[in-house]
$ cat data-v1.txt   # compact mmCIF, C-alpha atoms and all ligand atoms
# COMPACT_ATOMS: atom_id res chain seq x y z
CA MET A 1 0.00 0.00 0.00
CA LYS A 2 1.21 3.52 -0.81
CA ILE A 3 0.51 6.22 1.73
CA ALA A 4 0.89 10.00 1.23
CA VAL A 5 1.53 12.19 4.28
CA THR A 6 1.65 16.00 4.35
CA SER A 7 4.95 16.99 5.90
CA THR A 8 7.00 19.92 7.12
CA GLY A 9 10.23 18.24 5.95
CA LYS A 10 11.68 15.56 3.67
CA ALA A 11 12.24 12.77 6.22
CA VAL A 12 9.86 10.32 7.89
CA GLU A 13 10.92 11.78 11.24
CA SER A 14 9.58 15.21 10.15
CA ALA A 15 6.46 16.63 11.72
CA ILE A 16 3.18 16.34 9.84
CA ASP A 17 1.92 19.58 8.31
CA PRO A 18 -1.84 19.72 8.95
CA ARG A 19 -2.61 21.58 5.70
CA PHE A 20 -3.17 19.37 2.70
CA GLY A 21 -2.86 21.74 -0.25
CA ARG A 22 -0.29 24.02 1.29
CA ALA A 23 2.11 21.70 3.11
CA PRO A 24 5.73 22.25 1.97
CA PHE A 25 6.27 18.52 1.31
CA ILE A 26 4.19 15.46 0.64
CA LEU A 27 5.97 12.21 1.51
CA ILE A 28 5.01 8.95 -0.14
CA VAL A 29 5.81 5.95 2.03
CA ASP A 30 4.97 2.24 2.11
CA ASP A 31 3.23 0.33 4.95
CA ASP A 32 6.54 -0.02 6.78
CA CYS A 33 7.28 3.69 6.54
CA ASN A 34 10.03 3.32 3.95
CA LEU A 35 10.26 6.57 2.03
CA ILE A 36 9.35 6.13 -1.63
CA GLU A 37 9.33 9.78 -2.64
CA ALA A 38 9.48 13.23 -1.03
CA ILE A 39 7.43 15.57 -3.24
CA ASP A 40 8.34 19.25 -3.07
CA ASN A 41 4.92 20.89 -2.88
CA SER A 42 6.23 24.47 -2.90
CA THR A 43 4.79 25.46 -6.31
CA ASN A 44 1.43 24.40 -4.97
CA VAL A 45 1.95 26.36 -1.74
CA ASN A 46 2.11 29.52 -3.82
CA ALA A 47 -0.80 28.56 -6.07
CA PHE A 48 -3.48 31.19 -6.37
CA ARG A 49 -6.28 28.74 -5.83
CA GLY A 50 -7.09 25.09 -6.22
CA ALA A 51 -3.99 24.04 -4.24
CA GLY A 52 -5.87 21.17 -2.62
CA ILE A 53 -7.19 19.91 -5.95
CA GLN A 54 -3.71 19.98 -7.48
CA ALA A 55 -2.22 18.20 -4.47
CA ALA A 56 -4.91 15.54 -4.84
CA LYS A 57 -3.96 15.11 -8.50
CA THR A 58 -0.26 14.93 -7.60
CA ILE A 59 -0.77 12.01 -5.26
CA ALA A 60 -3.42 10.33 -7.44
CA ASP A 61 -0.95 10.33 -10.35
CA ARG A 62 1.39 8.35 -8.08
CA LYS A 63 -1.33 5.78 -7.42
CA VAL A 64 -1.49 6.43 -3.70
CA ASP A 65 -4.09 4.47 -1.70
CA MET A 66 -4.31 6.62 1.42
CA LEU A 67 -3.64 10.18 2.52
CA LEU A 68 -2.77 11.20 6.07
CA THR A 69 -3.14 14.89 6.86
CA GLY A 70 -4.70 17.35 9.29
CA ARG A 71 -7.44 19.12 7.42
CA CYS A 72 -8.99 18.63 4.01
CA GLY A 73 -11.29 21.06 2.24
CA PRO A 74 -14.34 20.19 0.13
CA ASN A 75 -12.83 20.42 -3.35
CA ALA A 76 -9.74 18.40 -2.45
CA PHE A 77 -11.99 15.88 -0.73
CA THR A 78 -14.08 15.47 -3.89
CA ALA A 79 -10.95 15.05 -6.00
CA LEU A 80 -9.45 12.49 -3.61
CA GLY A 81 -12.74 10.61 -3.58
CA ALA A 82 -12.81 10.50 -7.38
CA ALA A 83 -9.35 8.93 -7.28
CA GLY A 84 -10.43 6.41 -4.64
CA ILE A 85 -7.98 7.71 -2.04
CA LYS A 86 -8.93 7.25 1.62
CA VAL A 87 -8.40 10.36 3.73
CA GLY A 88 -7.09 9.99 7.28
CA ILE A 89 -7.55 13.33 9.05
CA GLU A 90 -6.58 15.10 12.25
CA GLN A 91 -3.10 13.60 12.14
CA SER A 92 -0.21 15.11 14.07
CA GLY A 93 3.24 14.16 15.36
CA THR A 94 5.80 12.67 12.97
CA ILE A 95 5.21 10.77 9.75
CA ARG A 96 6.50 7.60 11.41
CA GLU A 97 4.05 7.96 14.31
CA ALA A 98 1.15 8.35 11.89
CA ILE A 99 2.11 5.19 9.99
CA GLU A 100 2.24 3.34 13.33
CA ARG A 101 -1.30 4.50 14.01
CA VAL A 102 -2.42 3.15 10.62
CA LYS A 103 -0.99 -0.24 11.54
CA LYS A 104 -2.88 -0.20 14.83
CA ASN A 105 -6.10 0.90 13.09
CA GLU A 106 -6.16 4.10 15.11
CA VAL A 107 -6.67 6.50 12.22
CA SER A 108 -10.11 7.94 11.61
CA PHE A 109 -11.06 8.28 7.97
CA ALA A 110 -13.08 11.27 6.85
CA ASP A 111 -16.44 10.79 5.21
CA LYS A 112 -16.71 14.53 4.65
CA PRO A 113 -14.35 17.52 4.39
CA ASN A 114 -13.18 19.04 7.67
CA ALA A 115 -12.00 22.43 6.42
CA GLU A 116 -13.40 25.41 4.54
CA ALA A 117 -12.67 26.01 0.87
CA HIS A 118 -9.93 28.56 0.14
CA TRP A 119 -11.05 31.33 -2.14
CA MET B 1 -16.60 59.12 -20.52
CA ILE B 2 -16.51 56.34 -17.95
CA VAL B 3 -15.96 57.29 -14.30
CA ALA B 4 -15.65 54.62 -11.61
CA VAL B 5 -16.40 55.50 -8.00
CA ALA B 6 -14.43 53.31 -5.61
CA SER B 7 -13.44 53.18 -1.96
CA GLY B 8 -11.06 51.11 0.11
CA LYS B 9 -13.80 50.14 2.52
CA GLY B 10 -17.57 50.16 2.79
CA GLY B 11 -19.55 52.95 4.39
CA THR B 12 -17.42 55.87 3.19
CA GLY B 13 -20.15 57.50 1.14
CA LYS B 14 -19.17 55.99 -2.22
CA THR B 15 -22.76 55.38 -3.25
CA THR B 16 -23.72 58.89 -2.14
CA VAL B 17 -21.08 60.35 -4.47
CA ALA B 18 -21.99 58.06 -7.37
CA THR B 19 -25.72 58.72 -7.17
CA SER B 20 -25.26 62.49 -6.72
CA LEU B 21 -23.12 62.64 -9.84
CA ALA B 22 -25.74 60.77 -11.80
CA LEU B 23 -28.60 62.92 -10.53
CA VAL B 24 -27.02 66.28 -11.34
CA LEU B 25 -26.26 65.18 -14.91
CA GLU B 26 -29.79 63.79 -15.43
CA THR B 27 -30.29 62.54 -18.99
CA ARG B 28 -26.59 62.88 -19.76
CA SER B 29 -25.66 60.24 -17.21
CA GLN B 30 -26.02 56.55 -16.73
CA ILE B 31 -25.37 54.78 -13.45
CA LEU B 32 -24.15 51.19 -13.35
CA ASP B 33 -24.03 49.54 -9.94
CA CYS B 34 -21.16 47.06 -10.14
CA ASP B 35 -21.27 46.18 -6.44
CA VAL B 36 -23.07 42.99 -7.42
CA GLU B 37 -22.87 41.41 -3.97
CA GLU B 38 -24.65 44.33 -2.35
CA PRO B 39 -26.01 46.74 -4.92
CA ASN B 40 -27.41 49.74 -3.05
CA CYS B 41 -27.67 52.62 -5.53
CA HIS B 42 -31.29 51.53 -6.02
CA ILE B 43 -32.06 52.45 -2.41
CA LEU B 44 -31.25 56.10 -3.09
CA LEU B 45 -32.40 56.27 -6.72
CA LYS B 46 -35.58 54.13 -6.51
CA PRO B 47 -35.47 53.15 -10.19
CA THR B 48 -38.20 51.47 -12.21
CA ILE B 49 -36.74 48.20 -13.49
CA LEU B 50 -37.75 47.60 -17.11
CA ALA B 51 -35.75 44.49 -17.98
CA THR B 52 -34.07 41.63 -16.10
CA ASP B 53 -31.56 39.42 -17.91
CA THR B 54 -30.00 36.28 -16.48
CA VAL B 55 -26.23 36.07 -16.80
CA ASN B 56 -24.81 32.63 -17.40
CA LEU B 57 -21.26 31.39 -17.40
CA PRO B 58 -20.43 28.50 -19.74
CA VAL B 59 -18.85 25.73 -17.64
CA PRO B 60 -17.52 22.37 -18.84
CA SER B 61 -19.34 19.06 -18.71
CA VAL B 62 -17.30 15.99 -19.64
CA ASP B 63 -18.54 13.00 -21.62
CA LEU B 64 -16.48 10.22 -20.03
CA GLU B 65 -17.38 7.85 -22.87
CA LYS B 66 -15.35 9.97 -25.28
CA CYS B 67 -12.61 11.05 -22.85
CA THR B 68 -9.26 9.27 -23.19
CA LEU B 69 -7.83 10.86 -20.00
CA CYS B 70 -5.19 12.64 -22.08
CA GLY B 71 -4.88 15.34 -19.40
CA LYS B 72 -4.93 18.39 -21.73
CA CYS B 73 -7.94 20.05 -20.07
CA GLY B 74 -6.31 19.92 -16.63
CA GLU B 75 -3.06 21.38 -17.99
CA VAL B 76 -4.71 24.37 -19.63
CA CYS B 77 -7.02 25.34 -16.77
CA GLN B 78 -5.36 27.90 -14.49
CA PHE B 79 -8.05 27.56 -11.86
CA SER B 80 -8.05 23.80 -11.21
CA ALA B 81 -11.68 23.88 -12.32
CA ILE B 82 -11.30 20.73 -14.41
CA VAL B 83 -9.02 17.91 -13.30
CA PRO B 84 -8.33 14.52 -14.82
CA ILE B 85 -7.74 12.40 -11.73
CA GLY B 86 -7.60 8.62 -11.24
CA LYS B 87 -9.80 7.14 -13.99
CA THR B 88 -12.08 10.13 -14.34
CA VAL B 89 -12.26 13.86 -15.03
CA ILE B 90 -13.99 16.09 -12.51
CA ALA B 91 -15.16 19.64 -13.02
CA PHE B 92 -15.57 22.22 -10.27
CA PRO B 93 -18.08 24.61 -11.84
CA GLU B 94 -17.81 27.10 -8.97
CA LEU B 95 -14.09 27.54 -9.72
CA CYS B 96 -14.55 27.84 -13.50
CA HIS B 97 -14.10 31.28 -15.09
CA GLY B 98 -15.78 30.22 -18.33
CA CYS B 99 -12.78 30.89 -20.56
CA GLY B 100 -13.64 27.99 -22.85
CA ALA B 101 -10.02 26.81 -23.20
CA CYS B 102 -10.65 23.25 -22.04
CA SER B 103 -13.49 22.51 -24.44
CA MET B 104 -11.55 24.11 -27.28
CA LEU B 105 -8.42 22.05 -26.62
CA CYS B 106 -9.96 18.67 -25.86
CA PRO B 107 -8.76 16.44 -28.74
CA GLU B 108 -11.71 14.07 -28.31
CA GLU B 109 -14.41 16.74 -28.24
CA ALA B 110 -15.46 15.18 -24.95
CA ILE B 111 -16.19 18.53 -23.29
CA HIS B 112 -19.28 20.59 -23.96
CA GLU B 113 -20.34 23.72 -22.17
CA VAL B 114 -23.39 24.05 -20.00
CA PRO B 115 -24.74 27.34 -18.66
CA ARG B 116 -24.36 28.12 -14.97
CA SER B 117 -26.41 31.06 -13.67
CA LEU B 118 -24.40 33.75 -11.85
CA GLY B 119 -27.11 36.32 -11.30
CA VAL B 120 -29.02 39.00 -13.18
CA VAL B 121 -28.48 42.35 -14.82
CA GLU B 122 -31.39 44.71 -14.30
CA THR B 123 -31.93 47.82 -16.37
CA GLY B 124 -34.38 50.64 -15.93
CA MET B 125 -34.80 54.35 -15.29
CA ALA B 126 -34.38 56.43 -12.16
CA GLY B 127 -36.16 59.61 -13.19
CA SER B 128 -34.19 60.76 -16.22
CA VAL B 129 -31.10 58.72 -15.29
CA GLU B 130 -30.50 55.42 -17.02
CA PHE B 131 -30.04 52.75 -14.36
CA VAL B 132 -28.19 49.40 -14.58
CA GLN B 133 -27.32 47.03 -11.77
CA GLY B 134 -25.90 43.54 -11.34
CA ARG B 135 -27.23 41.28 -8.65
CA ILE B 136 -25.32 38.09 -7.86
CA ARG B 137 -27.15 34.87 -7.08
CA ILE B 138 -27.11 34.17 -3.33
CA GLY B 139 -24.19 31.92 -2.44
CA GLU B 140 -22.38 32.65 -5.71
CA ALA B 141 -18.75 33.79 -5.50
CA MET B 142 -17.88 34.41 -9.15
CA ALA B 143 -18.50 38.17 -9.35
CA PRO B 144 -16.17 39.31 -12.18
CA PRO B 145 -18.07 37.75 -15.13
CA LEU B 146 -21.30 39.30 -13.82
CA ILE B 147 -19.60 42.69 -13.47
CA ARG B 148 -18.38 42.40 -17.06
CA ALA B 149 -21.97 41.69 -18.11
CA VAL B 150 -23.08 44.88 -16.33
CA LYS B 151 -20.35 46.82 -18.13
CA THR B 152 -21.51 45.66 -21.57
CA ARG B 153 -24.47 48.04 -20.95
CA ILE B 154 -22.20 51.10 -20.85
CA ASP B 155 -23.43 53.86 -23.17
CA SER B 156 -20.30 55.72 -24.25
CA ASP B 157 -22.32 58.74 -25.39
CA LYS B 158 -23.20 59.42 -21.78
CA LEU B 159 -21.22 59.89 -18.62
CA ALA B 160 -21.21 56.30 -17.38
CA ILE B 161 -20.80 56.18 -13.61
CA LEU B 162 -19.65 52.82 -12.26
CA ASP B 163 -20.29 52.24 -8.57
CA ALA B 164 -17.49 49.80 -7.67
CA PRO B 165 -17.61 47.28 -4.84
CA PRO B 166 -15.68 48.37 -1.73
CA GLY B 167 -12.16 47.07 -1.17
CA ALA B 168 -9.26 46.35 -3.50
CA SER B 169 -9.90 42.82 -4.73
CA CYS B 170 -10.60 41.26 -8.11
CA PRO B 171 -14.19 42.60 -8.49
CA VAL B 172 -12.91 46.15 -7.93
CA ILE B 173 -10.24 45.77 -10.61
CA THR B 174 -12.80 44.21 -12.97
CA THR B 175 -15.04 47.25 -12.42
CA VAL B 176 -12.48 50.01 -12.87
CA LYS B 177 -10.63 48.44 -15.83
CA GLY B 178 -11.36 50.48 -18.93
CA ALA B 179 -12.62 53.51 -16.98
CA ASP B 180 -11.28 56.95 -17.91
CA PHE B 181 -11.10 58.09 -14.31
CA VAL B 182 -11.46 56.69 -10.79
CA ILE B 183 -12.90 58.71 -7.92
CA MET B 184 -11.69 57.31 -4.59
CA VAL B 185 -14.05 58.14 -1.74
CA THR B 186 -12.55 58.06 1.74
CA GLU B 187 -12.76 59.42 5.25
CA PRO B 188 -10.01 61.37 7.01
CA THR B 189 -9.43 58.71 9.68
CA PRO B 190 -6.58 56.22 10.16
CA PHE B 191 -8.94 53.48 8.95
CA GLY B 192 -9.91 55.47 5.89
CA LEU B 193 -6.27 56.17 5.09
CA ASN B 194 -5.20 52.56 5.55
CA ASP B 195 -7.83 51.27 3.12
CA LEU B 196 -7.27 54.15 0.71
CA VAL B 197 -3.56 53.32 0.45
CA ILE B 198 -4.33 49.68 -0.36
CA ALA B 199 -6.97 50.56 -2.96
CA VAL B 200 -4.80 53.22 -4.63
CA GLU B 201 -1.92 50.76 -4.88
CA ALA B 202 -4.17 48.13 -6.45
CA ILE B 203 -5.68 50.53 -8.99
CA GLN B 204 -2.64 52.58 -9.95
CA GLY B 205 -1.15 49.58 -11.77
CA LEU B 206 -3.91 50.03 -14.38
CA GLY B 207 -2.65 53.50 -15.26
CA ILE B 208 -6.05 55.17 -14.83
CA PRO B 209 -6.00 58.74 -13.45
CA MET B 210 -7.45 58.99 -9.96
CA GLY B 211 -8.72 61.68 -7.64
CA VAL B 212 -9.99 61.71 -4.07
CA VAL B 213 -13.24 62.83 -2.45
CA ILE B 214 -13.07 63.14 1.33
CA ASN B 215 -16.36 62.52 3.07
CA ARG B 216 -17.06 63.71 6.62
CA SER B 217 -14.01 65.87 5.99
CA ASP B 218 -14.27 67.77 9.27
CA ILE B 219 -13.65 64.71 11.45
CA GLY B 220 -10.28 62.96 11.86
CA ASP B 221 -6.87 64.29 10.88
CA SER B 222 -4.88 65.54 7.90
CA ALA B 223 -3.12 62.25 7.09
CA VAL B 224 -5.36 61.51 4.07
CA LYS B 225 -4.64 64.96 2.61
CA ASP B 226 -0.91 64.48 3.18
CA PHE B 227 -1.07 61.12 1.43
CA CYS B 228 -2.90 62.66 -1.57
CA HIS B 229 -0.36 65.44 -1.72
CA ASN B 230 2.61 63.08 -1.65
CA LYS B 231 1.07 60.80 -4.26
CA GLY B 232 0.05 63.69 -6.51
CA LEU B 233 -3.60 62.65 -6.24
CA PRO B 234 -5.93 65.60 -6.85
CA LEU B 235 -8.29 66.34 -3.96
CA LEU B 236 -11.55 66.74 -5.87
CA MET B 237 -14.07 67.57 -3.19
CA GLU B 238 -14.63 67.62 0.55
CA VAL B 239 -18.03 66.85 2.02
CA PRO B 240 -18.21 67.90 5.65
CA HIS B 241 -20.25 65.99 8.17
CA HIS B 242 -23.68 67.60 8.19
CA ARG B 243 -26.79 66.67 10.10
CA LYS B 244 -29.02 67.24 7.09
CA ILE B 245 -26.95 64.81 5.00
CA ALA B 246 -27.10 62.13 7.69
CA GLU B 247 -30.84 62.60 8.17
CA GLY B 248 -31.47 62.44 4.44
CA TYR B 249 -29.30 59.34 4.13
CA ALA B 250 -31.20 57.65 6.96
CA LYS B 251 -34.42 58.24 4.99
CA GLY B 252 -32.87 56.94 1.76
CA ALA B 253 -32.75 60.41 0.17
CA PRO B 254 -29.86 61.31 -2.17
CA LEU B 255 -27.40 63.94 -0.96
CA ILE B 256 -28.38 66.56 -3.51
CA GLU B 257 -31.99 66.32 -2.37
CA SER B 258 -31.20 66.88 1.29
CA MET B 259 -28.54 69.50 0.42
CA PRO B 260 -29.51 71.08 -2.95
CA GLU B 261 -26.58 73.49 -2.63
CA TYR B 262 -24.32 70.53 -3.45
CA ALA B 263 -25.69 70.18 -6.99
CA HIS B 264 -23.30 72.75 -8.43
CA LYS B 265 -20.37 71.16 -6.59
CA PHE B 266 -21.06 67.85 -8.26
CA ARG B 267 -21.42 69.52 -11.67
CA LYS B 268 -18.07 71.16 -11.07
CA LEU B 269 -16.64 67.78 -10.10
CA THR B 270 -17.45 66.36 -13.55
CA ASP B 271 -15.89 69.44 -15.17
CA ASP B 272 -12.75 69.03 -13.08
CA ILE B 273 -12.48 65.37 -14.04
CA SER B 274 -12.93 66.21 -17.72
CA MET B 275 -10.13 68.74 -17.39
CA ILE B 276 -7.81 66.22 -15.75
CA ILE B 277 -8.34 63.59 -18.43
CA GLY B 278 -8.53 66.16 -21.21
CA THR B 279 -11.88 65.32 -22.81
CA PRO B 280 -14.77 67.69 -23.34
CA SER B 281 -17.15 67.56 -20.41
CA LYS B 282 -20.55 65.99 -20.73
CA GLY B 283 -21.37 67.86 -17.56
CA SER B 284 -22.52 71.37 -16.83
CA SER B 285 -20.69 73.07 -19.69
CA LEU B 286 -22.70 71.15 -22.26
S1 LIG C 301 -8.90 17.04 -22.71
FE1 LIG C 301 -10.70 15.84 -23.23
S2 LIG C 301 -9.95 13.77 -23.57
FE2 LIG C 301 -8.33 14.89 -22.52
S3 LIG C 301 -8.67 14.42 -20.36
FE3 LIG C 301 -9.75 16.33 -20.78
S4 LIG C 301 -11.83 15.67 -21.30
FE4 LIG C 301 -10.54 13.87 -21.45
S1 LIG C 302 -13.61 26.93 -19.16
FE1 LIG C 302 -11.57 27.74 -18.63
S2 LIG C 302 -11.73 28.11 -16.42
FE2 LIG C 302 -13.44 26.79 -16.95
S3 LIG C 302 -12.69 24.70 -16.59
FE3 LIG C 302 -12.31 25.17 -18.76
S4 LIG C 302 -10.22 25.95 -18.81
FE4 LIG C 302 -10.89 26.05 -16.67
$ encode --input "data-v1.txt" --output "structure tokens"
Amino acid sequence: MKIAVTSTGKAVESAIDPRFGRAPFILIVDDDCNLIEAIDNSTNVNAFRGAGIQAAKTIADRKVDMLLTGRCGPNAFTALGAAGIKVGIEQSGTIREAIERVKKNEVSFADKPNAEAHW
Amino acid sequence: MIVAVASGKGGTGKTTVATSLALVLETRSQILDCDVEEPNCHILLKPTILATDTVNLPVPSVDLEKCTLCGKCGEVCQFSAIVPIGKTVIAFPELCHGCGACSMLCPEEAIHEVPRSLGVVETGMAGSVEFVQGRIRIGEAMAPPLIRAVKTRIDSDKLAILDAPPGASCPVITTVKGADFVIMVTEPTPFGLNDLVIAVEAIQGLGIPMGVVINRSDIGDSAVKDFCHNKGLPLLMEVPHHRKIAEGYAKGAPLIESMPEYAHKFRKLTDDISMIIGTPSKGSSL
């Protein structure tokens, strides 16, 4: 399984960034928290609008199965749903800690967005 | 001549200035309320609405049977309003600006456009003044295309007065673009100055000449005047705080009705603006 996590840095020991569209990095890891790719999300951070939608496309293009983040707005949520990506929300701590929680089934998956749209 | 009346924040008296200008010029003027979220010129002018036209924006609808997921539509859209993702393409109509690029570029002709209603443009008469206003659909956020629809009604043979939305954002720029002159209405307070500075910075990039009207000019301090002086912005008119103006406003009466002595000041204002931009006045000297 491929898991995307919004991150403040490039390593699995980095802290999670709670913002989906505007996190500086998105890390792609496997079930055992081996880093597959650290995506530099900075162009998206500066995007005028639709940052969440573009971030959803970025991870969907990499065939990710699950996203772990803090908050997810309505448009990004729709896009992630269309790509069949499960959204684990309200995550904090490090990337590694979040993956541990997935293993222990402690992550709650969103059935609706938990943030406002950015205009 | 097209004159936009703008202000950095709401409640400065922008609508009072716009409606007074229109009323003193009578048949030679046309007022277009571009504050589509909260049009309020009608409160002072009490127009008779003669026509209501719906304004639609063409937004994409994708036929997934024809789509090959080539990705072109998503690449061309600057607004993330259409996104090929996973095994599908999704459109976000509320983000779409209706530019038509995606449907034009789709190699499979899988995209056709469907109308999305943004609001209405109403036209009518307020006495001898031609009246136009945009009114956005409740919950709609896409103001600029509706403002452009309002502006298609501009009659260039008249003095077209555009009442801009307050602030300095995209709808304001959409309104003032193409105007010959912008009147900035402000108050001589730190708040007024702060918002004036932001609005002037936003508008000056368009290269349109500007001037300032100070409302309630006898309150506050001289910082707004100093700013105008330093920026080379002409101070067009000062309207002191006056009980009769406030009482008239509270009753929904235009300024020049509650203070008829202001009529000649507003006629002079149009002459001054004509002088600044160097075109013959359609105002009092006609
Ligand atoms: S451009 Fe046309 S064919 Fe290509 S992904 Fe978009 S809708 Fe599909
Ligand atoms: S019409 Fe323009 S703004 Fe709308 S989805 Fe297509 S490319 Fe994007």
$ closest_residue --input "data-v1.txt" --among "A:Ile89, A:Ile59, A:Val107, A:Leu68" --to "chain B" --atoms "only C-alpha atoms"
A:Ile59
$ interface_residues --input "data-v1.txt" --of "chain A" --to "chain B" --cutoff "12 Å" --atoms "all atoms listed in the file" --output "number ranges by chain"
A: 44, 47-65, 74-85, 117-119
$ residues_around --input "data-v1.txt" --residues "Glu100 in chain A" --least-positions-apart "3" --cutoff "12 Å" --atoms "only C-alpha atoms" --output "number ranges by chain"
A: 12, 30-33, 68, 91, 93-97, 103-107
$ atom_distance --input "data-v1.txt" --atom1 "atom S2 of ligand LIG 302 (chain C)" --atom2 "CA of Asp53 in chain B"
22.9 Å
$ residues_around --input "data-v1.txt" --residues "Phe20 in chain A" --least-positions-apart "4" --cutoff "7 Å" --atoms "all atoms listed in the file" --output "MDAnalysis selection string"
chainID A and resid 6 52 69 71:72
$ closest_residue --input "data-v1.txt" --among "B:Ala110, B:Ile276, B:Ile43, B:Leu105" --to "Cys67 in chain B" --atoms "only C-alpha atoms"
B:Ala110
$ closest_atom_pairs --input "data-v1.txt" --of "chain B" --to "ligand LIG 302 (chain C)" --cutoff "6 Å" --atoms "only C-alpha atoms and all ligand atoms" --output "CSV"
residue,atom,partner,partner_atom,distance
B:Val59,CA,C:LIG302,FE2,5.6
B:Pro60,CA,C:LIG302,S3,5.8
B:Val76,CA,C:LIG302,S4,5.8
B:Cys77,CA,C:LIG302,S4,3.8
B:Phe79,CA,C:LIG302,FE4,5.8
B:Ala81,CA,C:LIG302,S3,4.5
B:Ile82,CA,C:LIG302,S3,4.7
B:Cys96,CA,C:LIG302,FE2,3.8
B:His97,CA,C:LIG302,S2,4.2
B:Gly98,CA,C:LIG302,S1,4.0
B:Cys99,CA,C:LIG302,FE1,3.9
B:Gly100,CA,C:LIG302,S1,3.8
B:Ala101,CA,C:LIG302,S4,4.5
B:Cys102,CA,C:LIG302,FE3,4.1
$ atom_distance --input "data-v1.txt" --atom1 "CA of Pro24 in chain A" --atom2 "CA of Asp111 in chain A"
25.2 Å
$ residues_near_ligand --input "data-v1.txt" --ligand "ligand LIG 301 (chain C)" --cutoff "6 Å" --atoms "all atoms listed in the file" --output "ChimeraX atom specification"
/B:62,67-73,84,106-108,110-111
$ residues_around --input "data-v1.txt" --residues "Arg153 in chain B" --least-positions-apart "4" --cutoff "10 Å" --atoms "only C-alpha atoms" --output "list of chain:residue names"
B:Gln30, B:Leu32, B:Val121, B:Thr123, B:Phe131, B:Val132, B:Gln133, B:Arg148, B:Ala149, B:Ala160
$ atom_distance --input "data-v1.txt" --atom1 "CA of Ser128 in chain B" --atom2 "CA of Lys251 in chain B"
21.4 Å
$ residues_near_point --input "data-v1.txt" --point "(-30.4, 61.2, 3.1)" --cutoff "12 Å" --atoms "only C-alpha atoms" --output "mmCIF file with C-alpha atoms, in the coordinates of the input"
data_model
loop_
_atom_site.group_PDB
_atom_site.id
_atom_site.type_symbol
_atom_site.label_atom_id
_atom_site.label_comp_id
_atom_site.auth_asym_id
_atom_site.auth_seq_id
_atom_site.Cartn_x
_atom_site.Cartn_y
_atom_site.Cartn_z
ATOM 1 C CA GLY B 13 -20.150 57.500 1.140
ATOM 2 C CA THR B 15 -22.760 55.380 -3.250
ATOM 3 C CA THR B 16 -23.720 58.890 -2.140
ATOM 4 C CA THR B 19 -25.720 58.720 -7.170
ATOM 5 C CA SER B 20 -25.260 62.490 -6.720
ATOM 6 C CA ILE B 43 -32.060 52.450 -2.410
ATOM 7 C CA LEU B 44 -31.250 56.100 -3.090
ATOM 8 C CA LEU B 45 -32.400 56.270 -6.720
ATOM 9 C CA HIS B 242 -23.680 67.600 8.190
ATOM 10 C CA ARG B 243 -26.790 66.670 10.100
ATOM 11 C CA LYS B 244 -29.020 67.240 7.090
ATOM 12 C CA ILE B 245 -26.950 64.810 5.000
ATOM 13 C CA ALA B 246 -27.100 62.130 7.690
ATOM 14 C CA GLU B 247 -30.840 62.600 8.170
ATOM 15 C CA GLY B 248 -31.470 62.440 4.440
ATOM 16 C CA TYR B 249 -29.300 59.340 4.130
ATOM 17 C CA ALA B 250 -31.200 57.650 6.960
ATOM 18 C CA LYS B 251 -34.420 58.240 4.990
ATOM 19 C CA GLY B 252 -32.870 56.940 1.760
ATOM 20 C CA ALA B 253 -32.750 60.410 0.170
ATOM 21 C CA PRO B 254 -29.860 61.310 -2.170
ATOM 22 C CA LEU B 255 -27.400 63.940 -0.960
ATOM 23 C CA ILE B 256 -28.380 66.560 -3.510
ATOM 24 C CA GLU B 257 -31.990 66.320 -2.370
ATOM 25 C CA SER B 258 -31.200 66.880 1.290
ATOM 26 C CA MET B 259 -28.540 69.500 0.420
ATOM 27 C CA PRO B 260 -29.510 71.080 -2.950
#
